[in-house]
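Asker: The file below is model.txt, compact mmCIF, C-alpha atoms:
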# COMPACT_ATOMS: atom_id res chain seq x y z
CA MET A 1 84.94 148.13 90.69
CA LYS A 2 84.35 148.34 86.95
CA LYS A 3 86.76 145.42 86.40
CA ILE A 4 84.80 143.28 88.88
CA VAL A 5 81.47 144.12 87.20
CA LYS A 6 82.99 143.39 83.79
CA SER A 7 84.38 140.06 85.01
CA ILE A 8 80.97 139.06 86.41
CA HIS A 9 79.29 140.06 83.14
CA ILE A 10 81.79 137.98 81.13
CA PHE A 11 81.29 135.02 83.48
CA PHE A 12 77.51 135.00 83.13
CA LYS A 13 77.77 135.53 79.37
CA LEU A 14 80.11 132.55 79.15
CA LEU A 15 77.75 130.60 81.37
CA GLY A 16 74.75 131.35 79.18
CA GLU A 17 76.55 130.55 75.92
CA SER A 18 77.91 127.31 77.35
CA PHE A 19 74.45 126.28 78.47
CA THR A 20 73.02 127.09 75.03
CA PHE A 21 75.69 125.02 73.27
CA ALA A 22 75.09 122.13 75.68
CA PHE A 23 71.33 122.25 75.21
CA ASP A 24 71.60 122.34 71.41
CA SER A 25 73.99 119.39 71.47
CA VAL A 26 71.70 117.33 73.66
CA LYS A 27 68.66 118.24 71.55
CA GLY A 28 70.50 117.43 68.36
CA ASP A 29 71.37 113.81 69.20
CA LYS A 30 68.32 112.44 70.96
CA PHE A 31 69.44 108.80 70.98
CA ARG A 32 72.74 109.64 72.64
CA ALA A 33 70.94 111.83 75.13
CA PHE A 34 68.50 109.00 75.84
CA LEU A 35 71.32 106.55 76.59
CA SER A 36 72.95 109.02 78.96
CA LEU A 37 69.65 109.85 80.60
CA LEU A 38 68.82 106.17 81.08
CA GLY A 39 72.00 105.40 83.00
CA VAL A 40 71.72 108.43 85.28
CA THR A 41 67.97 107.96 85.72
CA ILE A 42 68.50 104.42 86.97
CA GLY A 43 71.28 105.58 89.29
CA ILE A 44 69.37 108.52 90.79
CA PHE A 45 66.18 106.44 90.94
CA SER A 46 68.03 103.80 92.95
CA ILE A 47 69.59 106.14 95.47
CA VAL A 48 66.51 108.36 95.92
CA ALA A 49 64.21 105.31 96.13
CA VAL A 50 66.44 103.65 98.72
CA PHE A 51 66.56 106.72 100.94
CA THR A 52 62.86 107.46 100.49
CA ALA A 53 62.09 103.91 101.59
CA ILE A 54 64.48 104.22 104.55
CA GLU A 55 62.97 107.55 105.61
CA GLY A 56 59.44 106.18 105.23
CA LEU A 57 60.27 103.05 107.19
CA GLU A 58 61.96 105.03 109.97
CA LYS A 59 59.09 107.51 110.17
CA ASN A 60 56.45 104.78 110.37
CA VAL A 61 58.38 102.79 112.98
CA ARG A 62 59.11 105.85 115.11
CA ASN A 63 55.47 106.94 114.94
CA LEU A 64 54.47 103.47 116.06
CA PHE A 65 56.76 103.43 119.07
CA SER A 66 56.00 107.03 119.99
CA SER A 67 52.31 106.08 120.07
CA LEU A 68 53.18 103.53 122.74
CA GLY A 69 54.37 106.34 124.97
CA THR A 70 57.81 107.52 126.06
CA ASP A 71 56.83 107.70 129.75
CA VAL A 72 55.89 104.02 130.00
CA VAL A 73 57.95 101.44 131.90
CA TYR A 74 57.46 97.70 131.36
CA ILE A 75 58.31 95.43 134.30
CA ASP A 76 59.68 92.19 132.86
CA LYS A 77 62.00 89.33 133.64
CA ILE A 78 64.36 90.15 130.79
CA SER A 79 66.07 93.47 130.13
CA TRP A 80 65.63 94.62 126.54
CA GLU A 81 69.23 95.80 126.50
CA SER A 82 70.47 92.31 127.38
CA LEU A 83 68.87 90.95 124.20
CA THR A 84 71.48 92.86 122.17
CA GLU A 85 74.40 91.13 123.91
CA GLY A 86 74.40 88.19 121.47
CA GLU A 87 76.41 85.26 122.81
CA GLY A 88 76.83 87.05 126.14
CA PHE A 89 73.09 86.81 126.84
CA LYS A 90 72.57 84.51 129.85
CA TRP A 91 68.97 83.46 129.30
CA TRP A 92 69.03 80.87 132.10
CA GLU A 93 69.61 83.58 134.72
CA PHE A 94 66.55 85.52 133.56
CA ARG A 95 64.46 82.35 133.39
CA GLN A 96 65.07 81.73 137.12
CA ARG A 97 63.62 85.12 138.05
CA PRO A 98 60.17 85.13 139.70
CA ASN A 99 57.03 85.92 137.75
CA ASN A 100 55.15 89.17 138.14
CA THR A 101 52.09 88.82 140.33
CA TYR A 102 48.80 90.64 140.70
CA GLU A 103 49.69 91.30 144.35
CA GLU A 104 52.83 93.15 143.22
CA PHE A 105 50.68 95.27 140.96
CA LEU A 106 48.39 96.16 143.89
CA PHE A 107 51.45 97.06 146.01
CA LEU A 108 52.83 99.34 143.31
CA GLN A 109 49.42 100.92 142.76
CA LYS A 110 49.26 101.78 146.44
CA ASN A 111 52.84 102.99 146.99
CA LEU A 112 54.00 104.73 143.83
CA LYS A 113 53.61 108.51 144.08
CA ASN A 114 55.19 109.47 140.76
CA ALA A 115 52.99 107.26 138.57
CA ASP A 116 49.65 108.53 137.30
CA MET A 117 48.38 105.14 136.09
CA MET A 118 49.37 101.50 135.71
CA ALA A 119 47.84 98.34 134.37
CA VAL A 120 48.22 94.56 134.20
CA SER A 121 47.60 92.08 131.40
CA ALA A 122 47.61 88.29 131.51
CA VAL A 123 47.31 86.35 128.27
CA THR A 124 45.98 82.90 127.40
CA SER A 125 44.23 81.30 124.43
CA ALA A 126 40.76 79.81 124.07
CA HIS A 127 38.16 78.85 121.48
CA VAL A 128 35.70 81.67 120.78
CA ARG A 129 32.29 80.84 119.31
CA TYR A 130 29.18 82.61 118.10
CA GLY A 131 26.41 80.46 116.65
CA ARG A 132 28.06 77.87 114.43
CA THR A 133 31.25 79.85 113.87
CA THR A 134 34.26 78.97 116.05
CA LEU A 135 37.64 80.71 116.16
CA ARG A 136 40.22 78.33 117.60
CA ASN A 137 43.12 79.31 119.86
CA THR A 138 42.16 82.97 119.94
CA SER A 139 44.34 85.24 122.07
CA VAL A 140 42.46 86.24 125.25
CA HIS A 141 43.79 89.12 127.38
CA GLY A 142 42.69 89.64 130.96
CA VAL A 143 43.33 93.31 131.76
CA THR A 144 42.77 95.96 134.40
CA TYR A 145 40.97 99.24 133.80
CA ASN A 146 43.76 101.48 132.44
CA TRP A 147 45.08 98.96 129.92
CA ASN A 148 43.34 100.65 126.99
CA ARG A 149 45.00 103.98 127.80
CA ILE A 150 48.49 102.53 128.25
CA SER A 151 48.29 100.21 125.21
CA TYR A 152 46.79 103.00 123.09
CA PHE A 153 44.00 101.18 121.31
CA GLU A 154 40.73 102.85 120.36
CA ILE A 155 37.15 101.59 120.62
CA ASP A 156 35.36 101.62 117.27
CA GLN A 157 31.93 100.38 118.46
CA GLY A 158 30.43 100.26 121.93
CA ARG A 159 32.61 101.03 124.94
CA TYR A 160 35.41 99.86 127.21
CA PHE A 161 35.02 98.45 130.74
CA THR A 162 34.18 100.75 133.63
CA PRO A 163 36.53 100.66 136.67
CA SER A 164 34.07 98.52 138.64
CA GLU A 165 33.56 96.10 135.72
CA ALA A 166 37.30 95.70 135.22
CA ALA A 167 37.78 94.90 138.92
CA GLU A 168 35.10 92.19 139.11
CA ASN A 169 34.62 88.68 137.72
CA ILE A 170 32.03 89.86 135.20
CA PRO A 171 31.45 88.05 131.87
CA LEU A 172 32.11 90.99 129.54
CA ALA A 173 34.36 91.24 126.49
CA VAL A 174 35.82 93.78 124.09
CA ILE A 175 36.77 92.08 120.83
CA GLY A 176 39.15 92.86 117.98
CA SER A 177 37.93 93.95 114.56
CA ASN A 178 38.95 90.71 112.84
CA VAL A 179 37.21 88.65 115.52
CA ALA A 180 34.05 90.71 115.02
CA GLU A 181 34.18 90.29 111.22
CA GLU A 182 34.69 86.53 111.38
CA LEU A 183 32.16 85.78 114.13
CA PHE A 184 29.30 88.05 113.14
CA PRO A 185 27.75 87.96 109.65
CA ASP A 186 26.80 91.17 107.86
CA GLY A 187 23.83 92.87 109.46
CA ILE A 188 24.48 91.50 112.96
CA ALA A 189 25.94 94.03 115.40
CA PRO A 190 28.54 92.51 117.75
CA VAL A 191 27.80 94.90 120.61
CA ASN A 192 25.36 93.48 123.18
CA ASN A 193 25.48 90.02 121.59
CA SER A 194 26.83 87.06 123.59
CA ILE A 195 29.75 84.84 122.58
CA LYS A 196 31.26 81.71 124.08
CA ILE A 197 34.84 81.85 125.38
CA GLY A 198 35.77 78.32 126.30
CA GLY A 199 32.84 77.13 128.36
CA PHE A 200 31.69 80.58 129.50
CA THR A 201 29.15 82.93 127.95
CA VAL A 202 30.19 86.59 127.85
CA ARG A 203 28.52 89.71 126.52
CA VAL A 204 30.33 91.85 123.94
CA ILE A 205 30.34 95.52 124.96
CA GLY A 206 32.83 96.93 122.46
CA VAL A 207 34.84 96.40 119.27
CA ILE A 208 38.41 97.64 118.96
CA LYS A 209 39.28 99.88 116.03
CA LYS A 210 41.23 98.02 113.34
CA LYS A 211 44.95 98.64 113.53
CA GLY A 212 46.26 96.45 110.74
CA GLU A 213 49.30 94.22 110.58
CA SER A 214 52.79 95.59 111.09
CA MET A 215 56.06 93.70 111.36
CA PHE A 216 57.20 96.28 113.93
CA ASP A 217 54.06 96.40 116.04
CA PRO A 218 54.65 94.50 119.31
CA VAL A 219 50.93 94.19 120.08
CA THR A 220 47.84 94.19 117.89
CA TYR A 221 44.36 93.44 119.16
CA ASP A 222 42.69 92.87 115.78
CA ASP A 223 42.58 89.11 116.45
CA ALA A 224 42.22 89.26 120.23
CA VAL A 225 39.52 89.26 122.90
CA ILE A 226 39.89 91.41 126.00
CA ILE A 227 38.13 90.55 129.27
CA PRO A 228 38.41 91.79 132.88
CA LEU A 229 41.47 90.41 134.67
CA PRO A 230 39.50 88.61 137.45
CA PHE A 231 37.50 86.76 134.78
CA ILE A 232 40.62 85.27 133.16
CA ARG A 233 41.29 83.36 136.39
CA ASN A 234 38.63 80.95 135.17
CA TYR A 235 41.17 79.82 132.56
CA ILE A 236 44.64 80.20 134.08
CA ASP A 237 46.33 80.39 137.47
CA LEU A 238 47.98 83.82 137.56
CA ARG A 239 50.61 82.47 139.95
CA ARG A 240 51.91 80.17 137.18
CA THR A 241 52.15 82.85 134.56
CA SER A 242 53.84 86.24 134.49
CA PRO A 243 51.34 89.04 133.92
CA SER A 244 52.68 92.13 132.19
CA ILE A 245 52.85 95.11 134.55
CA VAL A 246 53.06 98.50 132.85
CA VAL A 247 53.57 101.78 134.73
CA HIS A 248 53.04 105.25 133.29
CA LYS A 249 55.04 108.15 134.76
CA ASP A 250 53.18 111.22 135.94
CA PRO A 251 53.98 113.99 133.40
CA GLY A 252 54.99 116.31 136.23
CA ALA A 253 57.33 113.83 137.93
CA ASP A 254 61.11 113.79 137.60
CA GLU A 255 62.37 110.92 135.41
CA GLU A 256 65.21 109.79 137.69
CA GLU A 257 63.08 110.09 140.82
CA PHE A 258 60.31 108.04 139.19
CA MET A 259 62.69 105.26 138.13
CA ALA A 260 64.34 105.15 141.55
CA GLU A 261 60.96 105.00 143.29
CA LEU A 262 59.76 102.20 141.00
CA ARG A 263 62.95 100.19 141.48
CA ASN A 264 62.83 100.58 145.27
CA ALA A 265 59.16 99.58 145.34
CA MET A 266 59.86 96.43 143.33
CA ARG A 267 62.78 95.51 145.60
CA ALA A 268 60.59 96.09 148.64
CA VAL A 269 57.67 93.97 147.42
CA ARG A 270 60.08 91.15 146.54
CA ARG A 271 61.89 91.49 149.89
CA LEU A 272 65.34 91.81 148.36
CA LYS A 273 68.26 92.48 150.69
CA PRO A 274 70.63 95.40 149.95
CA VAL A 275 73.36 93.00 148.75
CA GLN A 276 71.05 91.14 146.38
CA LYS A 277 70.77 92.04 142.70
CA ASP A 278 67.48 93.07 141.10
CA ASN A 279 65.50 90.03 139.96
CA PHE A 280 63.39 92.11 137.57
CA ALA A 281 63.96 94.49 134.65
CA LEU A 282 62.56 97.97 134.10
CA ASN A 283 62.32 98.50 130.36
CA LYS A 284 61.72 101.89 128.77
CA MET A 285 60.71 102.88 125.26
CA SER A 286 63.75 105.22 125.09
CA PHE A 287 65.96 102.15 124.71
CA LEU A 288 64.06 101.21 121.56
CA ASP A 289 64.53 104.75 120.25
CA ASP A 290 68.32 104.47 120.68
CA ALA A 291 68.29 101.02 119.09
CA LEU A 292 66.29 102.38 116.15
CA SER A 293 68.81 105.18 115.63
CA GLN A 294 71.66 102.68 115.44
CA LEU A 295 69.67 100.37 113.17
CA PHE A 296 68.77 103.08 110.67
CA SER A 297 72.34 104.41 110.69
CA VAL A 298 73.50 100.99 109.48
CA ILE A 299 70.65 100.86 106.93
CA SER A 300 71.62 104.33 105.65
CA ILE A 301 75.21 103.18 105.08
CA ALA A 302 73.89 100.18 103.16
CA GLY A 303 71.69 102.58 101.17
CA TRP A 304 74.72 104.68 100.19
CA VAL A 305 76.57 101.55 99.09
CA ILE A 306 73.65 100.31 96.96
CA GLY A 307 72.98 103.76 95.52
CA GLY A 308 76.70 104.38 95.00
CA PHE A 309 77.09 101.39 92.69
CA SER A 310 74.06 102.51 90.68
CA ILE A 311 75.41 106.06 90.41
CA LEU A 312 78.82 104.70 89.35
CA ILE A 313 77.19 102.85 86.45
CA GLY A 314 75.38 106.04 85.43
CA ALA A 315 78.64 108.02 85.64
CA PHE A 316 80.41 105.61 83.30
CA GLY A 317 77.50 105.98 80.89
CA VAL A 318 77.79 109.78 80.89
CA ALA A 319 81.59 109.62 80.49
CA ASN A 320 81.38 107.27 77.51
CA ILE A 321 78.78 109.40 75.78
CA MET A 322 80.84 112.56 76.42
CA PHE A 323 83.97 110.98 74.90
CA VAL A 324 81.92 110.14 71.82
CA SER A 325 80.52 113.69 71.75
CA VAL A 326 84.00 115.23 71.91
CA LYS A 327 85.27 112.95 69.13
CA GLU A 328 82.33 113.76 66.87
CA ARG A 329 82.72 117.52 67.36
CA THR A 330 86.50 117.77 67.14
CA HIS A 331 86.30 119.76 63.88
CA ILE A 332 83.76 122.19 65.41
CA ILE A 333 85.98 122.61 68.49
CA GLY A 334 88.90 123.52 66.23
CA ILE A 335 86.79 126.16 64.45
CA GLU A 336 85.60 127.63 67.76
CA LYS A 337 89.15 127.90 69.11
CA ALA A 338 90.42 129.34 65.80
CA MET A 339 87.74 132.05 66.09
CA GLY A 340 89.02 133.01 69.54
CA ALA A 341 87.12 130.74 71.91
CA LYS A 342 89.05 130.30 75.14
CA SER A 343 89.86 126.87 76.56
CA ALA A 344 87.68 127.75 79.56
CA PHE A 345 84.71 128.28 77.24
CA VAL A 346 85.17 124.88 75.58
CA LEU A 347 85.65 123.22 78.97
CA ALA A 348 82.50 124.86 80.36
CA GLN A 349 80.54 123.98 77.22
CA PHE A 350 81.14 120.24 77.60
CA LEU A 351 80.88 120.28 81.39
CA PHE A 352 77.46 121.91 81.10
CA GLU A 353 76.44 119.32 78.53
CA ALA A 354 77.45 116.50 80.89
CA ALA A 355 75.80 118.18 83.87
CA LEU A 356 72.63 118.88 81.89
CA LEU A 357 72.39 115.25 80.78
CA ALA A 358 72.92 113.98 84.31
CA MET A 359 70.49 116.43 85.94
CA VAL A 360 67.70 115.75 83.44
CA GLY A 361 68.23 112.06 84.11
CA GLY A 362 68.22 112.79 87.83
CA PHE A 363 64.93 114.68 87.59
CA ALA A 364 63.44 111.75 85.66
CA GLY A 365 64.55 109.35 88.41
CA ILE A 366 63.12 111.61 91.11
CA LEU A 367 59.82 111.87 89.23
CA ILE A 368 59.54 108.07 89.01
CA VAL A 369 60.21 107.72 92.75
CA TRP A 370 57.57 110.37 93.48
CA GLY A 371 55.04 108.40 91.41
CA LEU A 372 55.87 105.25 93.37
CA THR A 373 55.46 107.01 96.72
CA VAL A 374 51.99 108.20 95.70
CA PHE A 375 51.04 104.70 94.55
CA VAL A 376 52.31 102.94 97.69
CA THR A 377 50.72 105.48 100.05
CA ASN A 378 47.33 105.22 98.31
CA GLN A 379 47.31 101.43 97.85
CA TYR A 380 48.92 100.18 101.08
CA ASP A 381 48.85 100.95 104.79
CA PHE A 382 52.31 102.51 104.63
CA VAL A 383 52.98 106.22 104.33
CA LEU A 384 55.83 107.24 101.99
CA THR A 385 56.81 110.84 101.40
CA MET A 386 59.70 112.44 99.55
CA SER A 387 61.44 114.92 101.79
CA PHE A 388 63.00 118.09 100.39
CA SER A 389 66.41 116.92 101.59
CA ASN A 390 66.04 113.71 99.60
CA ILE A 391 65.04 115.60 96.44
CA LEU A 392 67.93 118.03 96.92
CA ARG A 393 70.28 115.09 97.48
CA GLY A 394 69.21 113.56 94.17
CA VAL A 395 69.62 116.81 92.23
CA LEU A 396 73.04 117.61 93.70
CA ILE A 397 74.33 114.07 93.21
CA SER A 398 73.16 113.98 89.59
CA GLY A 399 74.80 117.35 88.89
CA ALA A 400 78.03 116.24 90.60
CA VAL A 401 78.01 112.97 88.65
CA GLY A 402 77.68 114.90 85.40
CA VAL A 403 80.56 117.24 86.24
CA VAL A 404 82.87 114.47 87.46
CA ALA A 405 82.02 112.08 84.63
CA GLY A 406 82.35 114.79 81.99
CA PHE A 407 85.49 116.47 83.33
CA ILE A 408 88.11 114.37 81.54
CA PRO A 409 86.34 114.48 78.13
CA SER A 410 85.78 118.24 78.59
CA LEU A 411 89.42 118.79 79.53
CA GLN A 412 90.47 116.80 76.47
CA ALA A 413 88.34 119.07 74.29
CA ALA A 414 89.65 122.24 75.95
CA ARG A 415 93.30 121.27 75.37
CA MET A 416 92.91 120.55 71.65
CA ASN A 417 95.15 122.40 69.23
CA PRO A 418 92.84 124.35 66.86
CA VAL A 419 94.86 123.49 63.72
CA ASP A 420 94.99 119.76 64.49
CA ALA A 421 91.32 119.73 65.47
CA MET A 422 90.18 121.45 62.27
CA ASN A 423 92.08 118.98 60.13
CA GLN A 424 90.22 116.01 61.69
CA HIS A 425 86.90 114.87 60.23
Once more with this new file: its structure as structure tokens, please.

Answerer:
Amino acid sequence: MKKIVKSIHIFFKLLGESFTFAFDSVKGDKFRAFLSLLGVTIGIFSIVAVFTAIEGLEKNVRNLFSSLGTDVVYIDKISWESLTEGEGFKWWEFRQRPNNTYEEFLFLQKNLKNADMMAVSAVTSAHVRYGRTTLRNTSVHGVTYNWNRISYFEIDQGRYFTPSEAAENIPLAVIGSNVAEELFPDGIAPVNNSIKIGGFTVRVIGVIKKKGESMFDPVTYDDAVIIPLPFIRNYIDLRRTSPSIVVHKDPGADEEEFMAELRNAMRAVRRLKPVQKDNFALNKMSFLDDALSQLFSVISIAGWVIGGFSILIGAFGVANIMFVSVKERTHIIGIEKAMGAKSAFVLAQFLFEAALLAMVGGFAGILIVWGLTVFVTNQYDFVLTMSFSNILRGVLISGAVGVVAGFIPSLQAARMNPVDAMNQH
């Protein structure tokens, strides 16, 4: 037991002395330390920045799609999974499929037991005018009552349609934030004012809360006008378009039972025979979640490649500086070994110097990335955070780079003959 305690004591004593020698060496040659730090700082900055950006991007995208709901099914012509088939995608087969109809929506609304709500949206474009200001080719959505709950947009001013208003041909509108800003000058409230949509006058009852632009957001209503579905029939024939039908599963319903019921209902309303294939697609947000996992796995690999090259450059920098350090201190190494210093002590001394250089550089790189995350989060509509795992990754990689890069120079120093080393100047 005493031998074990003594060995541990010797180990920590050696560790402390090695660290002291390494620190004094780094402090003594500031320019050399700066060169080493610069290479490692750039390397760690690159790899931590890449993974922080990847994590931030993934978090923002996943939050976006989770806000759209995981229990929502979109009835479309095209299956989202088929879009990933590349050259095998037979677009002409999907194009021949029939359009969704409002009558199908009414059938589903009446017969689905495992759905707690559903909605329809038909889209066209029209000129929107207030006073002398005209917005050309503005996106106009004709929707049913529950569309705001399924599409997850919030009302900033005024209100949304009531069930009776959404079911009737009533000239009402809920407008996007950008539409409100462009149509109405400062001091004029949009709510309860009338605007022209095409040749019809409608009353604004609400303004949608600004959502902002996002390359991953499938729908934004900032530049749109929403009206009751029956009212949009003044502009388009619903039989010639394909309204979007969206169904939300009852939280208490079984997933497989819900999907089977929805599929059977769609086959029934379209009068498909048992031998006929489905001429519709039931798309779920879970597919996008799987696709995102695959996408970010590929991006992570690319991040390791990019960061790896940067770290390699930093490692060469540390190795070069350590070779120079060993050469400059050959005489001192000979004196240390002549006074009884073990090879392990000399090896640890230079390894700690290399690791210290690399880790200080790593901390500098991490600090720069942290500053950038604060700046981006405060200045832009994009949340970036540095996770503990990412910080730990940077510290461990920088330490490992220092040890690996400094091993050969340290081993060279440890194997020196004390007599030969002392005779060199």

Asker: Just the number, please: distance in Å from atom CA of Arg270 of chain A to atom CA of Pro251 of chain A, one decimal.

Answerer: 27.0 Å

Asker: Near segment 312-314 of chain A, counting all atoms listed in the file, which residues have an atom at most 12 Å away, once you skip same-chain residues fewer than 5 positions from it, shown as an MDAnalysis selection string?

Answerer: chainID A and resid 35:47 304:307 319:321 354 357:359 361:362 365 397:402 404:406

Asker: Tell me which protein, DNA and RNA residues are within 9 Å of Pro98 of chain A, counting all atoms listed in the file, leaving out same-chain ones fewer than 4 positions away, and put them as JSON, numbers by chain.

Answerer: {"A": [77, 94, 242, 279, 280]}

Asker: Pull the neighbourhood of (38.3, 94.0, 118.8) for me: all residues within 9 Å in file coordinates, counting all atoms listed in the file, as a compact mmCIF listing (two decimals) with C-alpha atoms, keeping the file's coordinate frame.

Answerer:
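Now in result_31.txt:
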# COMPACT_ATOMS: atom_id res chain seq x y z
CA ILE A 155 37.15 101.59 120.62
CA ASP A 156 35.36 101.62 117.27
CA VAL A 174 35.82 93.78 124.09
CA ILE A 175 36.77 92.08 120.83
CA GLY A 176 39.15 92.86 117.98
CA SER A 177 37.93 93.95 114.56
CA ASN A 178 38.95 90.71 112.84
CA VAL A 179 37.21 88.65 115.52
CA ALA A 180 34.05 90.71 115.02
CA GLY A 206 32.83 96.93 122.46
CA VAL A 207 34.84 96.40 119.27
CA ILE A 208 38.41 97.64 118.96
CA LYS A 209 39.28 99.88 116.03
CA LYS A 210 41.23 98.02 113.34
CA TYR A 221 44.36 93.44 119.16
CA ASP A 222 42.69 92.87 115.78
CA ASP A 223 42.58 89.11 116.45
CA ALA A 224 42.22 89.26 120.23
CA VAL A 225 39.52 89.26 122.90
CA ILE A 226 39.89 91.41 126.00

Asker: So the first atom is atom CA of Val403 of chain A and the second is atom CA of Ile311 of chain A; what is the distance between them in Å, to one decimal place?

Answerer: 13.0 Å

Asker: Taking into account all atoms listed in the file, which residue in the set A:Glu58, A:Asn417, A:Lys211, A:Val140 is nearest to Gln294 of chain A?

Answerer: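 The shortest atom-to-atom distance to Gln294 of chain A comes from A:Glu58.
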
Asker: How many Å separate atom CA of His127 of chain A from atom CA of Ser151 of chain A?

Answerer: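 Between atom CA of His127 of chain A and atom CA of Ser151 of chain A the gap works out to 23.9 Å.
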
Asker: When you count all atoms listed in the file, which of these residues is closest to Leu108 of chain A: A:Leu183, A:Met386, A:Val247, A:Val324?

Answerer: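 Looking only at the distances to Leu108 of chain A, the closest residue turns out to be A:Val247.
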
Asker: Draw an axis-aligned box tight on the listed atoms of segment 323-338 of chain A, then pad every side by 6 Å and write out centre and edge lengths in Å to one decimal as JSON.

Answerer:
{"center_x": 85.5, "center_y": 119.7, "center_z": 69.4, "size_x": 21.9, "size_y": 31.2, "size_z": 23.0}

Asker: Between A:Glu165, A:Trp147, A:Thr101, A:Ala115, which one has atoms that come closest to Glu257 of chain A, using all atoms listed in the file?

Answerer: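 Closest candidate: A:Ala115.
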
Asker: Please provide as a count of residues only all residues within 12 Å of Ala167 of chain A, with the sequence filter that same-chain residues fewer than 4 positions apart are discarded (counting all atoms listed in the file).

Answerer: 20

Asker: Could you write segment 45-59 of chain A as a PDB file, in the frame of the given file, with N, CA and C atoms rebuilt where they are missing?

Answerer:
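What follows is the written file out26.pdb:
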ATOM      1  N   PHE A  45      67.373 107.155  90.475  1.00  0.00           N
ATOM      2  CA  PHE A  45      66.180 106.440  90.940  1.00  0.00           C
ATOM      3  C   PHE A  45      66.544 105.498  92.084  1.00  0.00           C
ATOM      4  N   SER A  46      67.634 104.770  91.925  1.00  0.00           N
ATOM      5  CA  SER A  46      68.030 103.800  92.950  1.00  0.00           C
ATOM      6  C   SER A  46      68.347 104.486  94.271  1.00  0.00           C
ATOM      7  N   ILE A  47      69.165 105.529  94.220  1.00  0.00           N
ATOM      8  CA  ILE A  47      69.590 106.140  95.470  1.00  0.00           C
ATOM      9  C   ILE A  47      68.450 106.911  96.138  1.00  0.00           C
ATOM     10  N   VAL A  48      67.629 107.624  95.335  1.00  0.00           N
ATOM     11  CA  VAL A  48      66.510 108.360  95.920  1.00  0.00           C
ATOM     12  C   VAL A  48      65.450 107.397  96.441  1.00  0.00           C
ATOM     13  N   ALA A  49      65.197 106.308  95.694  1.00  0.00           N
ATOM     14  CA  ALA A  49      64.210 105.310  96.130  1.00  0.00           C
ATOM     15  C   ALA A  49      64.646 104.646  97.421  1.00  0.00           C
ATOM     16  N   VAL A  50      65.927 104.309  97.506  1.00  0.00           N
ATOM     17  CA  VAL A  50      66.440 103.650  98.720  1.00  0.00           C
ATOM     18  C   VAL A  50      66.261 104.564  99.932  1.00  0.00           C
ATOM     19  N   PHE A  51      66.644 105.821  99.795  1.00  0.00           N
ATOM     20  CA  PHE A  51      66.560 106.720 100.940  1.00  0.00           C
ATOM     21  C   PHE A  51      65.124 107.139 101.248  1.00  0.00           C
ATOM     22  N   THR A  52      64.281 107.195 100.220  1.00  0.00           N
ATOM     23  CA  THR A  52      62.860 107.460 100.490  1.00  0.00           C
ATOM     24  C   THR A  52      62.244 106.309 101.267  1.00  0.00           C
ATOM     25  N   ALA A  53      62.595 105.082 100.870  1.00  0.00           N
ATOM     26  CA  ALA A  53      62.090 103.910 101.590  1.00  0.00           C
ATOM     27  C   ALA A  53      62.613 103.882 103.017  1.00  0.00           C
ATOM     28  N   ILE A  54      63.898 104.206 103.204  1.00  0.00           N
ATOM     29  CA  ILE A  54      64.480 104.220 104.550  1.00  0.00           C
ATOM     30  C   ILE A  54      63.807 105.279 105.421  1.00  0.00           C
ATOM     31  N   GLU A  55      63.624 106.478 104.848  1.00  0.00           N
ATOM     32  CA  GLU A  55      62.970 107.550 105.610  1.00  0.00           C
ATOM     33  C   GLU A  55      61.535 107.187 105.951  1.00  0.00           C
ATOM     34  N   GLY A  56      60.823 106.585 104.977  1.00  0.00           N
ATOM     35  CA  GLY A  56      59.440 106.180 105.230  1.00  0.00           C
ATOM     36  C   GLY A  56      59.353 105.113 106.287  1.00  0.00           C
ATOM     37  N   LEU A  57      60.252 104.139 106.212  1.00  0.00           N
ATOM     38  CA  LEU A  57      60.270 103.050 107.190  1.00  0.00           C
ATOM     39  C   LEU A  57      60.577 103.593 108.584  1.00  0.00           C
ATOM     40  N   GLU A  58      61.579 104.467 108.662  1.00  0.00           N
ATOM     41  CA  GLU A  58      61.960 105.030 109.970  1.00  0.00           C
ATOM     42  C   GLU A  58      60.819 105.872 110.545  1.00  0.00           C
ATOM     43  N   LYS A  59      60.183 106.665 109.695  1.00  0.00           N
ATOM     44  CA  LYS A  59      59.090 107.510 110.170  1.00  0.00           C
ATOM     45  C   LYS A  59      57.933 106.677 110.689  1.00  0.00           C
TER      46      LYS A  59
END
